[in-house]
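Input: a single structure, listed below in structure tokens.
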Amino acid sequence: MKSKTYMIAEIGSNHDGSLEIALEMVEKAKKAKADAVKFQTFQVDKLLNPLVFQENNSEANWVYDELKKVEIDEEFHKKIKEKCVQLKIDFISSPFDTDSLKIVSKYCDKIKIASSEITNLPFLKEVGQYGKPVILSTGMSFLGEIEKAISALISGGVTDLSILHCISLYPLNAEDANLNFIQTLKQCFNLPVGFSDHSLDDTLALSAVSLGAQIIEKHVTLKREDRIFDHAHSMEFKEFQSMIDKIRMIESALGNGIKTISAKEMEIKQGSNRSFFAVEQLEPGTVLTLENIKAVRPLIGIPVVFQDEIIGKKIKKNIKPDYPIFWEDIDW
């Protein structure tokens with residue numbers, strides 16, 4: 001049986017800056033059977049320039065103001081941590097600067113590196129000093145950039161590292177998903193690999209699990225609607241729970257890769273496989289031929305696979321027509 005897929009409910013900034021909403025989402029994630037909730041931790045002045053430039057003109061960056069509304073401070077992290085401990089669900093966040101990394105390391109069970117930071121090697125080298133498990137997302141990156149990021153994390157002291165295949169498109173369409181890259185990552189780096197899924201339904205996540213993904217990260221929201229941040233391409237919690245239930249079924253269905261016959265299937269085998277029966281009355285001393293025996297269902301007597309061993313042998317007892325022939329009936 002496939003090991004249990006680690007399910008991350010990516011809340012991100014879909015809390016809209018409200019601790020009350022964030023706590024509600026943590027509770028719903030736990031109810032939906034998630035293993036972890038994930039947030040984003042940043043100071044917007046260390047993340048984004050307040051001005052945008054077009055040709056020779058500049059103007060205020062409206063995204064800067066919106067992100068300012070969803071900054072979460074240390075007290076916010078403390079309250080989320082308390083709730084996660086109470087509910088026994090892991091707390092993860094993506095830090096985007098050194099000060100945020102310190103807060104995340106203090107309160108979170110794992111550190112998630114966002115795809116946008118994969119080339120921020122000086123920052124990645126700082127992560128290992130906190131001794132936390134790390135999950136690295138790989139959107140918007142070439143294989144060589146992923147390799148350098150992994151090297152930076154490991155050289156900085158990270159000892160527990162997983163990587164997520166990710167395509168940074170919102171929403172992600174099937175034709176852009178390139179799910180076979182999951183196997184490429186496994187082969188290249190020999191690390192646990194998962195999938196950060198930005199598609200609208202569960203099709204790609206289910207496919208990723210079948211391809212060996214050990215982690216699934218999926219954006220969640222209280223209400224899917226077309227507005228800022230990730231609400232428009234996030235799952236509502238009922239959908240998220242349904243996806244997890246399907247993934248657990250897939251895990252069970254994948255099995256262990258060893259070919260066996262279950263007790264239930266063995267019953268079907270007995271009725272479906274062929275064995276030898278008498279065509280006519282067989283007297284003691286009768287030589288068995290393909291004319292006086294037949295191989296038909298069910299499997300009661302000598303299996304058909306042993307035809308060459310019994311043809312030409314003599315029978316020791318009377319066998320009625322349509323009765324099975326057993327090994328002890330043969331005169332060896």
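Just so we're on the same page: first chain in the structure tokens is A, next is B, and so on; residues restart at 1 for each chain, and ligands are numbered from 1 in the order they show up.
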
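Shell of segment 293-302 of chain A at 8 Å, with only C-alpha atoms counted and residues fewer than 5 places along the chain excluded, is Lys269, Gln270, Gly271, Ser272, Asn273, Arg274, Ser275, Phe276, Phe277, Ala278, Val279, Glu280, Leu288, Pro324, Ile325, Phe326 and Trp327 of chain A.
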
> Which parts of segment 272-324 of chain A does DSSP call helix (DSSP H, G or I) when run on the backbone here, written out as a list in words?
Replying inline: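 Put together, the selection reads Ser272, Val304, Val305, Phe306, Gln307, Asp308, Glu309 and Ile310 of chain A.
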
Writer output for current selection, C-alpha atoms, as a JSON list (two decimals), in the first residue's frame:
```
[["chain", "number", "residue", "atom", "x", "y", "z"],
["A", 272, "SER", "CA", -12.87, -19.82, -13.45],
["A", 304, "VAL", "CA", -5.07, -28.17, -16.84],
["A", 305, "VAL", "CA", -1.49, -26.91, -16.59],
["A", 306, "PHE", "CA", -0.44, -30.51, -15.74],
["A", 307, "GLN", "CA", -1.84, -32.02, -18.95],
["A", 308, "ASP", "CA", 1.54, -33.34, -20.17],
["A", 309, "GLU", "CA", 2.17, -35.05, -16.83],
["A", 310, "ILE", "CA", -1.06, -37.09, -16.81]]
```

- Residues near Met140 of chain A, cut-off 9 Å, only C-alpha atoms, skip fewer than 6 positions along chain, as a ChimeraX atom specification: /A:115-116,118,166-168

Could those selected residues go to a file with N, CA, C and O atoms, as an mmCIF file, in the first residue's frame?
```
data_model
loop_
_atom_site.group_PDB
_atom_site.id
_atom_site.type_symbol
_atom_site.label_atom_id
_atom_site.label_comp_id
_atom_site.auth_asym_id
_atom_site.auth_seq_id
_atom_site.Cartn_x
_atom_site.Cartn_y
_atom_site.Cartn_z
ATOM 1 N N SER A 115 7.972 29.275 -4.699
ATOM 2 C CA SER A 115 8.655 29.197 -5.990
ATOM 3 C C SER A 115 9.387 30.492 -6.324
ATOM 4 O O SER A 115 10.467 30.472 -6.932
ATOM 5 N N SER A 116 8.808 31.619 -5.924
ATOM 6 C CA SER A 116 9.419 32.915 -6.245
ATOM 7 C C SER A 116 10.779 33.106 -5.592
ATOM 8 O O SER A 116 11.575 33.936 -6.036
ATOM 9 N N ILE A 118 13.119 30.676 -5.223
ATOM 10 C CA ILE A 118 14.032 29.571 -5.527
ATOM 11 C C ILE A 118 15.401 30.055 -5.995
ATOM 12 O O ILE A 118 16.400 29.361 -5.847
ATOM 13 N N CYS A 166 5.721 22.169 -9.368
ATOM 14 C CA CYS A 166 4.780 23.279 -9.360
ATOM 15 C C CYS A 166 4.855 24.005 -10.696
ATOM 16 O O CYS A 166 5.947 24.203 -11.258
ATOM 17 N N ILE A 167 3.711 24.377 -11.217
ATOM 18 C CA ILE A 167 3.616 25.256 -12.375
ATOM 19 C C ILE A 167 2.901 26.511 -11.899
ATOM 20 O O ILE A 167 1.752 26.452 -11.465
ATOM 21 N N SER A 168 3.571 27.647 -11.972
ATOM 22 C CA SER A 168 3.034 28.882 -11.401
ATOM 23 C C SER A 168 2.088 29.582 -12.369
ATOM 24 O O SER A 168 2.335 30.705 -12.825
#
```

- Rounded to one decimal place, report the atom CA of Ile182 of chain A-atom CA of Glu251 of chain A distance in Å.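 Computing the Euclidean distance for atom CA of Ile182 of chain A and atom CA of Glu251 of chain A yields 16.8 Å.
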
| strand (DSSP E or B) call set, DSSP backbone run, segment 92-332 of chain A, as a VMD selection string | chain A and resid 92 to 95 110 to 113 134 to 137 161 to 166 193 to 197 215 to 221 235 to 236 275 to 278 282 287 293 to 296 303 314 to 315 319 324 330 to 331

Practice prompt. Excluding Leu67 of chain A and any residue of its chain fewer than 2 positions from it, enumerate the residues within 12 Å of it, using only C-alpha atoms, and give them as a VMD selection string.
Written response: chain A and resid 12 to 17 40 to 50 61 to 65 69 to 72 228 to 229

Discussion item. So that I can see what lies close to Glu147 of chain A, please list as a ChimeraX atom specification the residues with an atom at most 10 Å from it, counting only C-alpha atoms and leaving out residues fewer than 3 positions away in the same chain.
Written reply: /A:118,142-144,150-152,185,188-189

Atom CA of Gly194 of chain A to atom CA of His77 of chain A, distance in Å rounded to a single decimal: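 One can read the atom CA of Gly194 of chain A to atom CA of His77 of chain A distance as 25.4 Å.
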
- Message: List the spatial neighbours of segment 85-87 of chain A as a ChimeraX atom specification - criterion: any atom at most 12 Å away, only C-alpha atoms, same-chain residues fewer than 4 positions off excluded.
- Response: /A:23-24,26-31,33-37,78-81,91,107-109

Checklist entry - How many Å separate atom CA of Val220 of chain A from atom CA of Glu236 of chain A? => result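 Atom CA of Val220 of chain A sits 5.7 Å away from atom CA of Glu236 of chain A.
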
Show which residues sit within 10 Å of Asp230 of chain A, as a list in words. Count only C-alpha atoms, and ignore same-chain residues fewer than 4 positions away.
->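 My list of contacting residues is Glu10, Ile11, Gly12, Ser13, Asn14, Tyr170, Pro171, His198, His219, Val220, Thr221, Arg224, Glu225, Asp226, Ser234 and Met235 of chain A.
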